[in-house]
Every structure is written in C-alpha cells, then in structure tokens.
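The data block below is start05.txt; it holds compact mmCIF, C-alpha atoms.
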```
# COMPACT_ATOMS: atom_id res chain seq x y z
CA MET A 939 -36.39 -62.52 76.00
CA ALA A 940 -37.05 -65.83 77.79
CA ASP A 941 -37.92 -64.14 81.09
CA ASP A 942 -40.30 -61.74 79.34
CA VAL A 943 -42.07 -64.70 77.72
CA VAL A 944 -42.27 -66.54 81.03
CA ASN A 945 -43.83 -63.50 82.70
CA GLU A 946 -46.37 -63.16 79.90
CA GLN A 947 -47.23 -66.86 80.16
CA ILE A 948 -47.85 -66.41 83.88
CA GLU A 949 -50.23 -63.54 83.10
CA TYR A 950 -51.94 -65.63 80.42
CA TYR A 951 -52.71 -68.58 82.66
CA ALA A 952 -53.95 -66.33 85.43
CA ALA A 953 -56.35 -64.75 82.93
CA ARG A 954 -57.36 -68.11 81.45
CA ALA A 955 -57.98 -69.83 84.78
CA PRO A 956 -61.80 -69.35 84.71
CA GLU A 957 -62.12 -70.94 81.26
CA TYR A 958 -59.46 -73.66 81.40
CA ASN A 959 -61.71 -76.44 82.69
CA ASP A 960 -64.36 -75.54 80.11
CA TRP A 961 -61.67 -76.29 77.52
CA TRP A 962 -60.69 -79.56 79.19
CA GLU A 963 -64.30 -80.70 79.46
CA ARG A 964 -65.22 -79.24 76.06
CA ARG A 965 -68.08 -77.05 77.23
CA GLY A 966 -69.48 -73.88 75.72
CA GLU A 967 -67.41 -72.48 72.88
CA PHE A 968 -65.03 -75.45 73.19
CA ASP A 969 -67.75 -77.96 72.28
CA ALA A 970 -66.75 -79.40 68.91
CA GLY A 971 -69.62 -81.86 68.65
CA PRO A 972 -70.34 -85.41 69.80
CA GLU A 973 -67.81 -87.19 67.56
CA PHE A 974 -64.99 -85.02 68.85
CA ALA A 975 -66.21 -85.36 72.45
CA ARG A 976 -66.15 -89.16 72.21
CA ALA A 977 -62.64 -89.24 70.76
CA TRP A 978 -61.38 -86.69 73.30
CA GLN A 979 -62.86 -88.62 76.23
CA THR A 980 -61.42 -91.89 74.92
CA ASP A 981 -57.96 -90.32 74.92
CA ILE A 982 -58.44 -88.96 78.46
CA GLU A 983 -59.51 -92.39 79.67
CA ALA A 984 -56.41 -93.87 78.04
CA LEU A 985 -54.28 -91.37 79.95
CA GLU A 986 -56.01 -92.24 83.22
CA GLU A 987 -55.42 -95.95 82.61
CA TRP A 988 -51.78 -95.27 81.76
CA LEU A 989 -51.29 -93.22 84.93
CA ALA A 990 -52.82 -96.00 87.00
CA GLY A 991 -50.09 -98.29 85.67
CA CYS A 992 -47.25 -95.88 86.40
CA HIS A 993 -46.98 -96.99 90.06
CA VAL A 994 -47.29 -93.49 91.48
CA HIS A 995 -46.69 -93.64 95.22
CA GLY A 996 -45.31 -91.83 98.22
CA ARG A 997 -44.39 -88.17 97.85
CA VAL A 998 -45.31 -86.61 94.50
CA LEU A 999 -44.29 -83.24 93.07
CA GLU A 1000 -46.72 -81.88 90.49
CA ILE A 1001 -45.24 -79.04 88.46
CA ALA A 1002 -47.62 -76.61 86.71
CA ALA A 1003 -50.51 -78.21 88.59
CA GLY A 1004 -53.02 -75.74 87.15
CA THR A 1005 -56.71 -76.13 87.87
CA GLY A 1006 -56.31 -79.67 89.16
CA ASN A 1007 -57.56 -82.08 86.53
CA TRP A 1008 -54.55 -84.32 87.14
CA THR A 1009 -54.04 -83.41 90.78
CA GLY A 1010 -57.28 -85.24 91.48
CA GLU A 1011 -56.04 -88.33 89.67
CA LEU A 1012 -52.72 -88.25 91.54
CA THR A 1013 -54.48 -88.19 94.91
CA ARG A 1014 -55.68 -91.74 94.14
CA TYR A 1015 -52.12 -93.02 94.40
CA ALA A 1016 -49.90 -90.54 96.23
CA ASP A 1017 -49.46 -90.21 99.98
CA THR A 1018 -48.79 -86.47 99.63
CA ILE A 1019 -48.66 -84.04 96.72
CA THR A 1020 -46.77 -80.79 96.41
CA ALA A 1021 -48.66 -78.87 93.71
CA VAL A 1022 -46.66 -75.95 92.27
CA ASP A 1023 -47.99 -73.39 89.82
CA SER A 1024 -47.18 -69.78 89.00
CA SER A 1025 -50.85 -68.78 89.11
CA ARG A 1026 -52.75 -68.29 92.35
CA GLU A 1027 -55.92 -68.18 90.27
CA THR A 1028 -55.48 -71.71 88.92
CA LEU A 1029 -54.41 -73.14 92.27
CA ASP A 1030 -57.48 -71.65 93.94
CA ILE A 1031 -59.64 -73.64 91.51
CA ASN A 1032 -57.48 -76.71 92.09
CA GLN A 1033 -57.90 -76.44 95.86
CA ARG A 1034 -61.66 -76.06 95.57
CA LEU A 1035 -61.84 -79.17 93.40
CA ASN A 1036 -59.43 -81.40 95.29
CA GLY A 1037 -59.17 -80.07 98.84
CA ASP A 1038 -55.92 -79.78 100.72
CA GLU A 1039 -55.90 -82.74 103.08
CA ASN A 1040 -52.88 -84.34 101.40
CA VAL A 1041 -52.00 -81.57 98.96
CA GLU A 1042 -49.69 -78.61 99.61
CA PHE A 1043 -50.27 -75.77 97.16
CA ILE A 1044 -47.31 -73.52 96.33
CA VAL A 1045 -47.50 -70.42 94.13
CA ALA A 1046 -44.09 -70.07 92.47
CA ASP A 1047 -42.36 -69.54 89.17
CA VAL A 1048 -40.80 -72.99 88.77
CA PHE A 1049 -37.79 -71.47 87.00
CA ALA A 1050 -36.96 -69.57 90.21
CA TRP A 1051 -37.96 -72.24 92.72
CA ASP A 1052 -36.02 -74.91 94.59
CA PRO A 1053 -37.78 -78.08 95.73
CA PRO A 1054 -37.90 -78.25 99.54
CA GLN A 1055 -37.41 -82.03 99.57
CA GLN A 1056 -37.03 -84.99 97.27
CA TYR A 1057 -39.97 -86.88 95.80
CA ASP A 1058 -40.71 -90.41 94.66
CA SER A 1059 -42.37 -89.09 91.50
CA VAL A 1060 -42.47 -85.85 89.53
CA PHE A 1061 -45.49 -85.24 87.29
CA PHE A 1062 -46.42 -82.45 84.88
CA SER A 1063 -49.10 -82.08 82.23
CA PHE A 1064 -49.18 -79.61 79.32
CA TRP A 1065 -46.03 -78.01 80.66
CA LEU A 1066 -43.02 -79.25 78.70
CA SER A 1067 -44.33 -77.59 75.54
CA HIS A 1068 -44.37 -74.21 77.31
CA ILE A 1069 -40.71 -74.22 78.41
CA PRO A 1070 -38.58 -71.70 76.51
CA GLU A 1071 -35.50 -73.27 74.96
CA GLY A 1072 -33.24 -71.20 77.23
CA HIS A 1073 -34.86 -72.73 80.34
CA TRP A 1074 -34.93 -76.33 79.13
CA ALA A 1075 -31.67 -77.57 80.68
CA GLY A 1076 -32.28 -75.72 83.93
CA PHE A 1077 -35.72 -77.25 84.26
CA TRP A 1078 -34.36 -80.78 83.97
CA ASP A 1079 -31.71 -79.90 86.55
CA LEU A 1080 -34.56 -79.00 88.92
CA VAL A 1081 -36.31 -82.30 88.17
CA SER A 1082 -33.09 -84.16 88.89
CA LYS A 1083 -32.74 -82.43 92.26
CA ALA A 1084 -36.36 -83.15 93.11
CA LEU A 1085 -36.22 -86.92 92.53
CA VAL A 1086 -35.13 -89.52 95.05
CA PRO A 1087 -32.63 -92.03 93.65
CA GLY A 1088 -34.64 -94.33 91.41
CA GLY A 1089 -37.52 -91.86 91.22
CA ARG A 1090 -39.66 -91.48 88.13
CA VAL A 1091 -40.96 -88.66 85.95
CA MET A 1092 -44.37 -88.82 84.25
CA PHE A 1093 -45.73 -86.27 81.79
CA ILE A 1094 -48.58 -85.53 79.41
CA ASP A 1095 -48.73 -82.97 76.63
CA ASN A 1096 -50.37 -82.13 73.33
CA ALA A 1097 -49.59 -84.31 70.34
CA HIS A 1098 -48.05 -82.71 67.30
CA PRO A 1099 -50.90 -81.06 65.36
CA ALA A 1100 -50.06 -83.09 62.25
CA HIS A 1101 -50.64 -86.29 64.22
CA SER A 1102 -53.91 -84.95 65.63
CA ALA A 1103 -55.16 -83.85 62.23
CA GLU A 1104 -54.36 -87.22 60.66
CA ASN A 1105 -55.77 -89.38 63.46
CA GLY A 1106 -58.53 -87.23 64.95
CA PRO A 1107 -62.24 -86.83 64.21
CA GLY A 1108 -62.11 -84.55 61.19
CA ASP A 1109 -60.35 -81.24 60.76
CA ARG A 1110 -61.46 -79.94 64.19
CA SER A 1111 -59.34 -82.45 66.07
CA ILE A 1112 -57.39 -79.80 68.00
CA THR A 1113 -59.96 -77.04 67.94
CA ASP A 1114 -59.76 -74.07 70.27
CA PRO A 1115 -61.58 -70.90 69.24
CA HIS A 1116 -59.15 -68.66 71.14
CA HIS A 1117 -55.89 -69.59 69.47
CA ASP A 1118 -54.25 -71.30 66.53
CA MET A 1119 -52.73 -74.63 67.55
CA THR A 1120 -50.49 -74.99 64.50
CA PRO A 1121 -46.71 -74.89 65.03
CA SER A 1122 -45.35 -71.38 65.02
CA ASP A 1123 -42.51 -70.11 62.86
CA ARG A 1124 -41.98 -67.15 65.19
CA PRO A 1125 -38.84 -67.01 67.35
CA ASP A 1126 -38.90 -69.32 70.37
CA TRP A 1127 -42.07 -71.02 69.06
CA LEU A 1128 -44.22 -68.10 70.19
CA GLN A 1129 -47.97 -68.24 69.66
CA GLN A 1130 -50.47 -65.44 70.11
CA ARG A 1131 -53.37 -66.47 72.34
CA GLU A 1132 -56.59 -64.75 73.28
CA VAL A 1133 -58.81 -65.18 76.33
CA ARG A 1134 -62.54 -64.58 76.54
CA ASN A 1135 -62.25 -60.90 77.41
CA GLY A 1136 -60.28 -60.28 74.22
CA ALA A 1137 -56.86 -59.80 75.83
CA THR A 1138 -53.99 -61.41 73.91
CA TYR A 1139 -50.74 -62.92 75.16
CA SER A 1140 -47.63 -64.44 73.65
CA VAL A 1141 -46.81 -67.92 74.93
CA VAL A 1142 -44.29 -70.59 74.03
CA LYS A 1143 -45.86 -73.69 72.47
CA ARG A 1144 -43.46 -76.34 71.21
CA TYR A 1145 -44.65 -79.52 69.52
CA TRP A 1146 -42.68 -82.74 69.12
CA TRP A 1147 -43.06 -86.19 67.72
CA PRO A 1148 -42.46 -88.78 70.47
CA HIS A 1149 -38.99 -89.81 69.27
CA GLU A 1150 -37.89 -86.16 69.07
CA LEU A 1151 -38.98 -85.44 72.62
CA ALA A 1152 -37.35 -88.63 73.92
CA GLU A 1153 -34.06 -87.56 72.34
CA LEU A 1154 -34.23 -84.07 73.87
CA ILE A 1155 -34.90 -85.52 77.31
CA ALA A 1156 -32.11 -88.07 76.88
CA ALA A 1157 -29.70 -85.21 76.24
CA GLU A 1158 -30.47 -84.02 79.78
CA GLY A 1159 -29.49 -87.34 81.33
CA PHE A 1160 -32.87 -89.09 81.48
CA ALA A 1161 -33.98 -92.23 79.68
CA ALA A 1162 -37.44 -91.47 78.30
CA ASP A 1163 -40.27 -93.49 76.82
CA VAL A 1164 -42.77 -91.32 74.92
CA GLU A 1165 -45.81 -92.35 72.89
CA HIS A 1166 -49.07 -91.03 71.43
CA THR A 1167 -52.55 -91.62 72.67
CA GLY A 1168 -55.17 -92.02 69.94
CA PHE A 1169 -54.97 -88.51 68.53
CA ALA A 1170 -54.79 -85.65 71.00
CA PHE A 1171 -51.95 -86.26 73.43
CA ILE A 1172 -48.51 -87.64 74.09
CA ARG A 1173 -47.55 -89.31 77.35
CA GLY A 1174 -44.21 -90.37 78.70
CA THR A 1175 -42.05 -91.53 81.57
CA ALA A 1176 -38.43 -90.79 82.30
CA HIS A 1177 -35.79 -91.80 84.82
CA GLN A 1178 -32.10 -91.21 85.38
```
Structure translated into structure tokens:
Amino acid sequence: MADDVVNEQIEYYAARAPEYNDWWERRGEFDAGPEFARAWQTDIEALEEWLAGCHVHGRVLEIAAGTGNWTGELTRYADTITAVDSSRETLDINQRLNGDENVEFIVADVFAWDPPQQYDSVFFSFWLSHIPEGHWAGFWDLVSKALVPGGRVMFIDNAHPAHSAENGPGDRSITDPHHDMTPSDRPDWLQQREVRNGATYSVVKRYWWPHELAELIAAEGFAADVEHTGFAFIRGTAHQ
C-alpha cells in the first residue's frame, strides 16, 4: 500500500510541476485576494527570516527540493547543495530558477536512496506531511546517516488547517481550488488531488500541531523544536 501511494505521489508532483509556483506565488486560480496575499507573504517573510537565523552553512542536503523556492534561499548560506527530488519535471524548473553552479540535482525516490556523503544541514519543505506512516522511521534513519555529528535538520510544512482557519484571513486561509486541505479520515491520511488537466491522484497529507510533530520526531531520536508562523505554516529544527 505505502509503495503504491509513494508512486502515485511521484506521478502527482510530476504532473503538478507547471502549476506549483503559481500556487506558491498565488497567481491565477490560486489568487485569493489582497488580504490573503498580504498574510501569506508575511508568513513567507517570517520563514525567510527564521531560515537566516538557522546558521545554515557548508554542505546542505535538500530533500524534496521541488521547483526551487527554498533552494534559492539556501544558496544564500550554503557552500554546496545536493537537491534531491523524485520528479525530473520539478528539478528542471528548479535548475532554471537557481542554476547549478553550487547545486547538484539528483532525481531519486528518497525512500530508495542513500546519501553519498554527510552534510552539515538537512532541509526539507512541505515533505514531512507526505511521508506514509510505514516510511516514517526509515526516513529519519536516512536523515541520521546524512548528518555530520552535530549537524542540524530544518523543515517547513503546512500548519494544521484548524490553526489556519482560526488565525488566517477569513475562511479562505488555506485555499486551493484543486484539492480539499482538510484532514482526511481515509486510511493513511490519503487525500484526492486534482491538477489543471483534470487528472486526479491520491497523496498522503498528514497534519500535526507543533507539539505532536515534536513528539513524533523525538521518538526517532531527534530533539525537535516546532512552532507556527502566523497562520499558514509550521517550521522546526531538530538535532540528535
């Protein structure tokens, strides 16, 4: 079951690659109006400020690097970046946006990939929530192997929808016309998502409150500090 879901997620993000940055920048059908845009941008700026204070340096592994919105930020601080993603389509966009002078792009299913070296930092955004429960422990084993002693993990993800609804600009605080962002009661937290051409895919989407996520990460041998931004995101660091 888990492998089937992973394969379908890979297909989904390959299909969604051309529209992903429209979602991030809230263009076209993702435009929810000026009030939402201001709140969304404020949260993004808070994430950028937080990342600047995380002391990213040296060799960085970015898992699920996607279309490169955070790869570009990491290049401000890292000496080199290894950007891994299962989708060639998203990494092609990433490379066009950020170049490859100090970035190595690797197309790989992270659940079947071994890091070629150790890194000073490991970073991932909007990835933890897509890990099937059966792959959770194995993923953190990979992160442990990838880190130098004393290395640090940094991550960003969606806030729990209840937090976003309560603290966001009205009832469109987590709007996306192609899928329902509410927590799923289907097995393995599966959601049905649609891309612009009408194709639909099942993906894992797990939501946590910060203390819940910190406890889950602690169970894998990492001390974690997780908190909300204003309404849309959670951010966190972890170390062994």
Point-to-point distance in Å for atom CA of Gly1174 of chain A and atom CA of Arg1034 of chain A: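 Separation between atom CA of Arg1034 of chain A and atom CA of Gly1174 of chain A: 28.2 Å.
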Taking only C-alpha atoms into account, produce a table as CSV in which each residue of segment 1014-1080 of chain A with an atom at most 12 Å from an atom of segment 988-999 of chain A appears once, together with its shortest atom pair and the distance in Å to one decimal, ordered by chain and rising number.
```
residue,atom,partner,partner_atom,distance
A:Arg1014,CA,A:Ala990,CA,8.8
A:Tyr1015,CA,A:His995,CA,5.5
A:Ala1016,CA,A:His995,CA,4.6
A:Asp1017,CA,A:Gly996,CA,4.8
A:Thr1018,CA,A:Arg997,CA,5.0
A:Ile1019,CA,A:Val998,CA,4.8
A:Thr1020,CA,A:Leu999,CA,4.8
A:Ala1021,CA,A:Leu999,CA,6.2
A:Val1022,CA,A:Leu999,CA,7.7
A:Asp1023,CA,A:Leu999,CA,11.0
A:Asn1040,CA,A:Arg997,CA,10.0
A:Val1041,CA,A:Val998,CA,9.5
A:Glu1042,CA,A:Leu999,CA,9.7
A:Phe1043,CA,A:Leu999,CA,10.4
A:Ile1044,CA,A:Leu999,CA,10.7
A:Val1048,CA,A:Leu999,CA,11.7
A:Asp1052,CA,A:Leu999,CA,11.8
A:Pro1053,CA,A:Leu999,CA,8.7
A:Pro1054,CA,A:Leu999,CA,10.4
A:Gln1055,CA,A:Arg997,CA,9.5
A:Gln1056,CA,A:Arg997,CA,8.0
A:Tyr1057,CA,A:Arg997,CA,5.0
A:Asp1058,CA,A:Arg997,CA,5.4
A:Ser1059,CA,A:Val998,CA,4.9
A:Val1060,CA,A:Leu999,CA,4.8
A:Phe1061,CA,A:Leu999,CA,6.2
A:Phe1062,CA,A:Leu999,CA,8.5
A:Ser1063,CA,A:Leu989,CA,11.7
A:Leu1080,CA,A:Leu999,CA,11.4
```
Selected residues, C-alpha atoms, written as a PDB file, in the coordinates of the input, please.
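In the end it all went to result06.pdb:
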```
ATOM      1  CA  ARG A1014     -55.680 -91.740  94.140  1.00  0.00           C
ATOM      2  CA  TYR A1015     -52.120 -93.020  94.400  1.00  0.00           C
ATOM      3  CA  ALA A1016     -49.900 -90.540  96.230  1.00  0.00           C
ATOM      4  CA  ASP A1017     -49.460 -90.210  99.980  1.00  0.00           C
ATOM      5  CA  THR A1018     -48.790 -86.470  99.630  1.00  0.00           C
ATOM      6  CA  ILE A1019     -48.660 -84.040  96.720  1.00  0.00           C
ATOM      7  CA  THR A1020     -46.770 -80.790  96.410  1.00  0.00           C
ATOM      8  CA  ALA A1021     -48.660 -78.870  93.710  1.00  0.00           C
ATOM      9  CA  VAL A1022     -46.660 -75.950  92.270  1.00  0.00           C
ATOM     10  CA  ASP A1023     -47.990 -73.390  89.820  1.00  0.00           C
ATOM     11  CA  ASN A1040     -52.880 -84.340 101.400  1.00  0.00           C
ATOM     12  CA  VAL A1041     -52.000 -81.570  98.960  1.00  0.00           C
ATOM     13  CA  GLU A1042     -49.690 -78.610  99.610  1.00  0.00           C
ATOM     14  CA  PHE A1043     -50.270 -75.770  97.160  1.00  0.00           C
ATOM     15  CA  ILE A1044     -47.310 -73.520  96.330  1.00  0.00           C
ATOM     16  CA  VAL A1048     -40.800 -72.990  88.770  1.00  0.00           C
ATOM     17  CA  ASP A1052     -36.020 -74.910  94.590  1.00  0.00           C
ATOM     18  CA  PRO A1053     -37.780 -78.080  95.730  1.00  0.00           C
ATOM     19  CA  PRO A1054     -37.900 -78.250  99.540  1.00  0.00           C
ATOM     20  CA  GLN A1055     -37.410 -82.030  99.570  1.00  0.00           C
ATOM     21  CA  GLN A1056     -37.030 -84.990  97.270  1.00  0.00           C
ATOM     22  CA  TYR A1057     -39.970 -86.880  95.800  1.00  0.00           C
ATOM     23  CA  ASP A1058     -40.710 -90.410  94.660  1.00  0.00           C
ATOM     24  CA  SER A1059     -42.370 -89.090  91.500  1.00  0.00           C
ATOM     25  CA  VAL A1060     -42.470 -85.850  89.530  1.00  0.00           C
ATOM     26  CA  PHE A1061     -45.490 -85.240  87.290  1.00  0.00           C
ATOM     27  CA  PHE A1062     -46.420 -82.450  84.880  1.00  0.00           C
ATOM     28  CA  SER A1063     -49.100 -82.080  82.230  1.00  0.00           C
ATOM     29  CA  LEU A1080     -34.560 -79.000  88.920  1.00  0.00           C
TER      30      LEU A1080
END
```
(-38.5, -93.7, 74.3) in this file's frame - what residues fall within 10 Å of it? Use all atoms listed in the file and give the answer as a count of residues only. 16
Residues within 8 Å of segment 1003-1005 of chain A, only C-alpha atoms, excluding chain neighbours under 3 positions, as a compact mmCIF listing (two decimals) with C-alpha atoms, in the frame of the given file:
```
# COMPACT_ATOMS: atom_id res chain seq x y z
CA ALA A 955 -57.98 -69.83 84.78
CA TYR A 958 -59.46 -73.66 81.40
CA ASN A 959 -61.71 -76.44 82.69
CA GLU A 1000 -46.72 -81.88 90.49
CA TRP A 1008 -54.55 -84.32 87.14
CA THR A 1009 -54.04 -83.41 90.78
CA ALA A 1021 -48.66 -78.87 93.71
CA VAL A 1022 -46.66 -75.95 92.27
CA ASP A 1023 -47.99 -73.39 89.82
CA SER A 1025 -50.85 -68.78 89.11
CA THR A 1028 -55.48 -71.71 88.92
CA LEU A 1029 -54.41 -73.14 92.27
CA ASP A 1030 -57.48 -71.65 93.94
CA ILE A 1031 -59.64 -73.64 91.51
CA ASN A 1032 -57.48 -76.71 92.09
CA PHE A 1062 -46.42 -82.45 84.88
CA SER A 1063 -49.10 -82.08 82.23
```
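Among the candidates A:Asp1047, A:Ala975, A:Lys1143, A:Ala1075, the residue lying nearest to Glu949 of chain A is A:Asp1047 (atoms considered: all atoms listed in the file).
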One decimal, Å: what's the distance from atom CA of Gln1178 of chain A over to atom CA of Ser1082 of chain A, could you say?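 Atom CA of Gln1178 of chain A sits 7.9 Å away from atom CA of Ser1082 of chain A.
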